[in-house]
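See below for my_file-v2.cif, which holds mmCIF, C-alpha atoms.
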data_query
#
loop_
_atom_site.label_atom_id
_atom_site.label_comp_id
_atom_site.auth_asym_id
_atom_site.auth_seq_id
_atom_site.Cartn_x
_atom_site.Cartn_y
_atom_site.Cartn_z
CA MET A 1 -71.57 1.63 135.54
CA PRO A 2 -71.86 5.08 133.87
CA ILE A 3 -69.62 5.54 130.81
CA SER A 4 -68.36 8.94 132.08
CA TRP A 5 -67.08 7.26 135.26
CA VAL A 6 -65.22 4.68 133.16
CA CYS A 7 -63.59 7.47 131.11
CA ASP A 8 -62.42 9.26 134.28
CA ALA A 9 -61.03 6.03 135.73
CA GLU A 10 -59.27 5.23 132.45
CA ARG A 11 -57.70 8.72 132.27
CA ALA A 12 -56.53 8.44 135.90
CA LEU A 13 -55.00 5.02 135.18
CA ILE A 14 -53.15 6.29 132.08
CA THR A 15 -51.86 9.35 133.99
CA SER A 16 -50.64 7.11 136.83
CA PHE A 17 -48.94 4.78 134.35
CA LYS A 18 -47.15 7.73 132.65
CA ARG A 19 -45.90 9.03 135.99
CA PHE A 20 -44.79 5.54 136.97
CA HIS A 21 -43.04 5.05 133.62
CA CYS A 22 -41.19 8.40 133.97
CA SER A 23 -40.06 7.50 137.50
CA ILE A 24 -38.83 4.08 136.35
CA HIS A 25 -37.03 5.67 133.41
CA LYS A 26 -35.17 8.11 135.71
CA ILE A 27 -34.20 5.35 138.12
CA LEU A 28 -33.00 3.10 135.31
CA THR A 29 -31.02 5.94 133.70
CA LYS A 30 -29.17 6.53 136.98
CA PHE A 31 -28.73 2.78 137.33
CA TRP A 32 -27.18 2.45 133.83
CA VAL A 33 -24.87 5.43 134.44
CA ASN A 34 -23.62 3.88 137.68
CA ILE A 35 -23.26 0.44 136.08
CA LEU A 36 -21.29 1.87 133.15
CA ALA A 37 -19.03 3.77 135.53
CA LEU A 38 -18.51 0.55 137.45
CA GLY A 39 -17.76 -1.30 134.20
CA GLN A 40 -15.13 1.29 133.25
CA SER A 41 -13.38 0.78 136.54
CA MET A 42 -13.35 -3.02 136.17
CA LYS A 43 -10.16 -4.73 135.16
CA GLY A 44 -9.86 -7.82 133.08
CA THR A 45 -11.11 -8.51 129.57
CA GLN A 46 -13.26 -11.55 130.46
CA MET A 47 -15.00 -9.70 133.29
CA ARG A 48 -15.79 -6.77 130.95
CA LYS A 49 -17.22 -9.16 128.33
CA ASN A 50 -19.45 -10.86 130.90
CA PHE A 51 -20.56 -7.49 132.18
CA LEU A 52 -21.45 -6.26 128.65
CA VAL A 53 -23.46 -9.42 127.94
CA LEU A 54 -25.40 -8.84 131.18
CA LEU A 55 -26.11 -5.21 130.21
CA ILE A 56 -27.34 -6.21 126.73
CA ALA A 57 -29.63 -8.93 128.16
CA LEU A 58 -31.12 -6.54 130.73
CA GLY A 59 -31.69 -3.89 128.06
CA ALA A 60 -33.41 -6.39 125.75
CA ILE A 61 -35.71 -7.68 128.51
CA PHE A 62 -36.71 -4.23 129.75
CA GLY A 63 -37.08 -2.74 126.26
CA SER A 64 -39.24 -5.53 124.85
CA SER A 65 -41.51 -5.73 127.93
CA THR A 66 -42.07 -1.95 127.88
CA ALA A 67 -42.88 -2.02 124.15
CA SER A 68 -45.14 -5.02 124.66
CA PHE A 69 -47.02 -3.28 127.49
CA ALA A 70 -47.44 -0.11 125.44
CA GLU A 71 -48.71 -2.07 122.46
CA GLY A 72 -51.17 -4.00 124.66
CA ASN A 73 -52.35 -0.75 126.24
CA GLY A 74 -53.01 0.75 122.79
CA GLU A 75 -55.02 -2.30 121.69
CA ASN A 76 -57.00 -2.20 124.94
CA LYS A 77 -57.77 1.49 124.45
CA ALA A 78 -59.17 0.77 120.97
CA SER A 79 -61.27 -2.12 122.38
CA ILE A 80 -62.63 0.13 125.15
CA SER A 81 -63.54 2.85 122.63
CA ALA A 82 -65.36 0.34 120.40
CA TRP A 83 -67.15 -1.12 123.45
CA LYS A 84 -68.32 2.32 124.58
CA ALA A 85 -69.51 3.21 121.07
CA GLU A 86 -71.43 -0.07 120.71
CA ASN A 87 -73.19 0.27 124.07
CA LYS A 88 -73.97 3.95 123.45
CA ALA A 89 -75.57 3.09 120.08
CA LYS A 90 -77.70 0.39 121.75
CA LEU A 91 -78.83 2.75 124.53
CA ASP A 92 -79.59 5.58 122.08
CA ALA A 93 -81.70 3.25 119.91
CA TYR A 94 -83.53 1.98 123.02
CA LYS A 95 -84.23 5.53 124.22
CA ALA A 96 -85.62 6.51 120.79
CA ALA A 97 -87.82 3.38 120.71
CA ILE A 98 -89.14 4.08 124.24
CA ASP A 99 -89.90 7.72 123.34
CA ASN A 100 -91.85 6.59 120.22
CA TYR A 101 -93.72 3.94 122.21
CA LEU A 102 -94.71 6.37 124.99
CA ALA A 103 -95.82 9.00 122.45
CA ALA A 104 -97.99 6.42 120.61
CA LYS A 105 -99.44 5.16 123.91
CA THR A 106 -100.28 8.69 125.09
CA ALA A 107 -101.92 9.52 121.74
CA ASN A 108 -103.94 6.27 121.85
CA GLU A 109 -105.19 6.98 125.40
CA ALA A 110 -106.13 10.57 124.50
CA ALA A 111 -108.05 9.40 121.41
CA ARG A 112 -109.92 6.76 123.45
CA LYS A 113 -110.94 9.38 126.01
CA ALA A 114 -112.16 11.71 123.22
CA ILE A 115 -114.23 8.89 121.64
CA ALA A 116 -115.74 7.97 125.02
CA ALA A 117 -116.59 11.61 125.78
CA LYS A 118 -118.24 12.09 122.36
CA PHE A 119 -120.25 8.87 122.79
CA LYS A 120 -121.50 9.99 126.23
CA THR A 121 -122.53 13.41 124.90
CA ASP A 122 -124.30 11.91 121.87
CA ALA A 123 -125.99 9.18 123.94
CA ASP A 124 -127.23 11.69 126.54
CA ALA A 125 -128.62 13.92 123.78
CA LEU A 126 -130.28 10.91 122.08
CA ARG A 127 -131.95 9.80 125.32
CA ALA A 128 -133.27 13.31 125.92
CA ASN A 129 -134.61 13.53 122.34
CA THR A 130 -136.17 10.06 122.55
CA LYS A 131 -137.86 10.92 125.86
CA ALA A 132 -139.22 14.16 124.41
CA ALA A 133 -140.49 12.34 121.30
CA VAL A 134 -142.19 9.64 123.40
CA ASP A 135 -143.72 12.23 125.74
CA SER A 136 -145.08 14.29 122.83
CA ALA A 137 -146.47 11.30 120.94
CA ALA A 138 -150.25 11.30 120.84
CA THR A 139 -150.87 7.61 120.32
CA THR A 140 -149.46 4.36 121.65
CA GLU A 141 -148.22 3.45 118.17
CA ALA A 142 -146.38 6.79 117.91
CA LYS A 143 -144.81 6.26 121.35
CA LYS A 144 -143.63 2.76 120.32
CA ALA A 145 -142.23 4.12 117.06
CA ALA A 146 -140.30 6.90 118.89
CA THR A 147 -138.93 4.37 121.40
CA ARG A 148 -137.87 2.01 118.58
CA ALA A 149 -136.18 4.85 116.66
CA GLY A 150 -134.30 5.91 119.81
CA LYS A 151 -133.11 2.33 120.41
CA GLU A 152 -131.88 1.97 116.81
CA ALA A 153 -130.07 5.31 116.99
CA LEU A 154 -128.36 4.21 120.24
CA GLU A 155 -127.25 0.91 118.64
CA LYS A 156 -125.75 2.90 115.75
CA LEU A 157 -123.91 5.14 118.23
CA ILE A 158 -122.48 2.04 119.97
CA ALA A 159 -121.37 0.51 116.62
CA ASP A 160 -119.74 3.82 115.58
CA ARG A 161 -117.87 4.00 118.89
CA LYS A 162 -116.61 0.41 118.49
CA ALA A 163 -115.43 1.08 114.91
CA ALA A 164 -113.65 4.29 115.99
CA LEU A 165 -111.83 2.46 118.82
CA GLU A 166 -110.75 -0.38 116.51
CA ALA A 167 -109.44 2.11 113.93
CA LEU A 168 -107.04 3.70 116.42
CA PRO A 169 -103.32 2.95 115.79
CA LYS A 170 -101.94 0.59 118.44
CA PRO A 171 -98.84 1.65 120.41
CA GLY A 172 -97.30 -1.80 119.92
CA VAL A 173 -95.16 -3.81 122.33
CA LYS A 174 -93.06 -1.94 124.87
CA PRO A 175 -89.37 -2.03 123.79
CA VAL A 176 -87.10 -4.28 125.87
CA LYS A 177 -83.94 -2.80 127.36
CA PRO A 178 -80.95 -4.05 125.35
CA THR A 179 -78.28 -6.35 126.74
CA LEU A 180 -75.08 -4.32 126.82
CA ALA A 181 -71.80 -5.81 125.62
CA PRO A 182 -69.41 -6.80 128.44
CA ARG A 183 -66.34 -4.67 129.04
CA PRO A 184 -63.32 -6.04 127.10
CA ALA A 185 -60.82 -7.99 129.16
CA LYS A 186 -57.38 -6.47 129.60
CA PRO A 187 -54.94 -8.05 127.14
CA SER A 188 -52.23 -10.16 128.71
CA PRO A 189 -48.71 -8.74 128.15
CA LYS A 190 -46.97 -10.33 125.18
CA ALA A 191 -43.93 -12.43 125.99
CA SER A 192 -40.64 -10.74 125.13
CA PRO A 193 -38.20 -12.57 122.79
CA SER A 194 -35.78 -13.16 125.65
CA THR A 195 -38.45 -14.98 127.71
CA GLN A 196 -39.58 -17.26 124.89
CA GLY A 197 -37.98 -20.74 124.79
#
Can you turn what I pasted into structure tokens?
Amino acid sequence: MPISWVCDAERALITSFKRFHCSIHKILTKFWVNILALGQSMKGTQMRKNFLVLLIALGAIFGSSTASFAEGNGENKASISAWKAENKAKLDAYKAAIDNYLAAKTANEAARKAIAAKFKTDADALRANTKAAVDSAATTEAKKAATRAGKEALEKLIADRKAALEALPKPGVKPVKPTLAPRPAKPSPKASPSTQG
């Protein structure tokens, strides 16, 4: 899941929550105004006391659950930010490692091709020189000596090519894609004091 999509979804969720919270606040404000008006019109001391106790209990429940939700939402936002930062750091490090590996691999392949091309050019030239030396030799001994010298020179070319290939820096092992941290779970709302035992 792309991180930008998560950010957009999170922003949309927070905006929806704010709108919902404002709507609830307006409804509750009207509710309290109507309840208070009703309480004023009530007669009887005991009934008013019971009514006030009910209002205080409702206020405590609603207030503590709203504060608890807001606190949980803030903690979750911090967890999400840390999660995004951790996964971004892992992906950035992986991308840098892959870039270095590919650059080393490309350089190694280019150097191998250059060594092979030089060997072919040198070997072709050596064969042509050996053939010319053998053809121009006047005696059998001279022909054998030219052939032997050509063979030794070719063996040296092969040894030089092998040494050059072994001296090349190796690209190393291809980096493995990192395991990303799982998205933090939403915190459960804390119990309000009025709901605890």
inquiry  = My list of candidates is A:Pro184, A:Pro178, A:Lys143, A:Gly150. Which is closest to Asp124 of chain A when distances are computed with only C-alpha atoms?
reply    = A:Gly150
If the PyMOL selection byres ((chain A and resi 90-97) around 8) were run on this exact file, what residues would it hold? Put them as a CSV table (one decimal) with C-alpha atoms, in the frame of the given file.
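expr31.csv, freshly written:
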chain,number,residue,atom,x,y,z
A,86,GLU,CA,-71.4,-0.1,120.7
A,87,ASN,CA,-73.2,0.3,124.1
A,88,LYS,CA,-74.0,4.0,123.4
A,89,ALA,CA,-75.6,3.1,120.1
A,98,ILE,CA,-89.1,4.1,124.2
A,99,ASP,CA,-89.9,7.7,123.3
A,100,ASN,CA,-91.8,6.6,120.2
A,101,TYR,CA,-93.7,3.9,122.2
A,175,PRO,CA,-89.4,-2.0,123.8
A,176,VAL,CA,-87.1,-4.3,125.9
A,177,LYS,CA,-83.9,-2.8,127.4
A,178,PRO,CA,-81.0,-4.0,125.4
A,180,LEU,CA,-75.1,-4.3,126.8
ask   = Written as a list in words, which residues does the PyMOL selection byres ((chain A and resi 167-172) around 6) give for the file shown?
value = Tyr101, Ala104, Lys105, Ala164, Leu165, Glu166 and Val173 of chain A
key: Interatomic distance, atom CA of Lys120 of chain A to atom CA of Ala137 of chain A (Å, one decimal)   =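 A separation of 25.6 Å between them.
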request  = Please indicate the distance in Å from atom CA of Ser79 of chain A to atom CA of Thr179 of chain A, rounded to one decimal place.
outcome  =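 Going from atom CA of Ser79 of chain A over to atom CA of Thr179 of chain A covers 18.1 Å.
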task = May I ask for the distance between atom CA of Thr140 of chain A and atom CA of Arg127 of chain A, given in Å to one decimal place?
result =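 Computed distance, atom CA of Thr140 of chain A to atom CA of Arg127 of chain A, equals 18.7 Å.
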request  = Go through A:Ala116, A:Ala146, A:Ala103, A:Ala110 one by one, measure the shortest atom-to-atom distance of each to Ile158 of chain A using all atoms listed in the file, and give the residue with the smallest value.
outcome  =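 Selected residue with least distance to Ile158 of chain A: A:Ala116.
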key: Which residue of A:Ala138, A:Leu154, A:Leu102, A:Ala145 approaches Leu126 of chain A most closely, using only C-alpha atoms   =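 Answer, going by the shortest atom-to-atom distance: A:Leu154.
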Kindly reconstruct segment 127-145 of chain A with N, CA and C atoms and present the result as a JSON list (two decimals), in the coordinates of the input.
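In the end it all went to out_17.json:
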[["chain", "number", "residue", "atom", "x", "y", "z"],
["A", 127, "ARG", "N", -130.96, 10.19, 124.31],
["A", 127, "ARG", "CA", -131.95, 9.80, 125.32],
["A", 127, "ARG", "C", -132.93, 10.94, 125.58],
["A", 128, "ALA", "N", -132.38, 12.16, 125.68],
["A", 128, "ALA", "CA", -133.27, 13.31, 125.92],
["A", 128, "ALA", "C", -134.24, 13.50, 124.76],
["A", 129, "ASN", "N", -133.75, 13.38, 123.52],
["A", 129, "ASN", "CA", -134.61, 13.53, 122.34],
["A", 129, "ASN", "C", -135.66, 12.42, 122.27],
["A", 130, "THR", "N", -135.23, 11.19, 122.58],
["A", 130, "THR", "CA", -136.17, 10.06, 122.55],
["A", 130, "THR", "C", -137.27, 10.25, 123.59],
["A", 131, "LYS", "N", -136.87, 10.69, 124.79],
["A", 131, "LYS", "CA", -137.86, 10.92, 125.86],
["A", 131, "LYS", "C", -138.85, 12.00, 125.44],
["A", 132, "ALA", "N", -138.32, 13.07, 124.86],
["A", 132, "ALA", "CA", -139.22, 14.16, 124.41],
["A", 132, "ALA", "C", -140.17, 13.67, 123.32],
["A", 133, "ALA", "N", -139.65, 12.85, 122.39],
["A", 133, "ALA", "CA", -140.49, 12.34, 121.30],
["A", 133, "ALA", "C", -141.58, 11.42, 121.84],
["A", 134, "VAL", "N", -141.21, 10.56, 122.80],
["A", 134, "VAL", "CA", -142.19, 9.64, 123.40],
["A", 134, "VAL", "C", -143.26, 10.42, 124.17],
["A", 135, "ASP", "N", -142.77, 11.44, 124.94],
["A", 135, "ASP", "CA", -143.72, 12.23, 125.74],
["A", 135, "ASP", "C", -144.69, 13.02, 124.86],
["A", 136, "SER", "N", -144.21, 13.48, 123.70],
["A", 136, "SER", "CA", -145.08, 14.29, 122.83],
["A", 136, "SER", "C", -145.93, 13.46, 121.87],
["A", 137, "ALA", "N", -145.69, 12.16, 121.84],
["A", 137, "ALA", "CA", -146.47, 11.30, 120.94],
["A", 137, "ALA", "C", -147.92, 11.21, 121.43],
["A", 138, "ALA", "N", -148.83, 11.27, 120.48],
["A", 138, "ALA", "CA", -150.25, 11.30, 120.84],
["A", 138, "ALA", "C", -150.83, 9.91, 121.00],
["A", 139, "THR", "N", -150.30, 8.96, 120.27],
["A", 139, "THR", "CA", -150.87, 7.61, 120.32],
["A", 139, "THR", "C", -149.83, 6.61, 120.83],
["A", 140, "THR", "N", -150.34, 5.43, 121.18],
["A", 140, "THR", "CA", -149.46, 4.36, 121.65],
["A", 140, "THR", "C", -148.51, 3.92, 120.54],
["A", 141, "GLU", "N", -149.05, 3.85, 119.31],
["A", 141, "GLU", "CA", -148.22, 3.45, 118.17],
["A", 141, "GLU", "C", -147.08, 4.46, 117.95],
["A", 142, "ALA", "N", -147.39, 5.74, 118.09],
["A", 142, "ALA", "CA", -146.38, 6.79, 117.91],
["A", 142, "ALA", "C", -145.32, 6.70, 119.01],
["A", 143, "LYS", "N", -145.75, 6.41, 120.24],
["A", 143, "LYS", "CA", -144.81, 6.26, 121.35],
["A", 143, "LYS", "C", -143.87, 5.07, 121.09],
["A", 144, "LYS", "N", -144.45, 3.95, 120.62],
["A", 144, "LYS", "CA", -143.63, 2.76, 120.32],
["A", 144, "LYS", "C", -142.64, 3.06, 119.19],
["A", 145, "ALA", "N", -143.11, 3.77, 118.18],
["A", 145, "ALA", "CA", -142.23, 4.12, 117.06],
["A", 145, "ALA", "C", -141.09, 5.02, 117.51]]
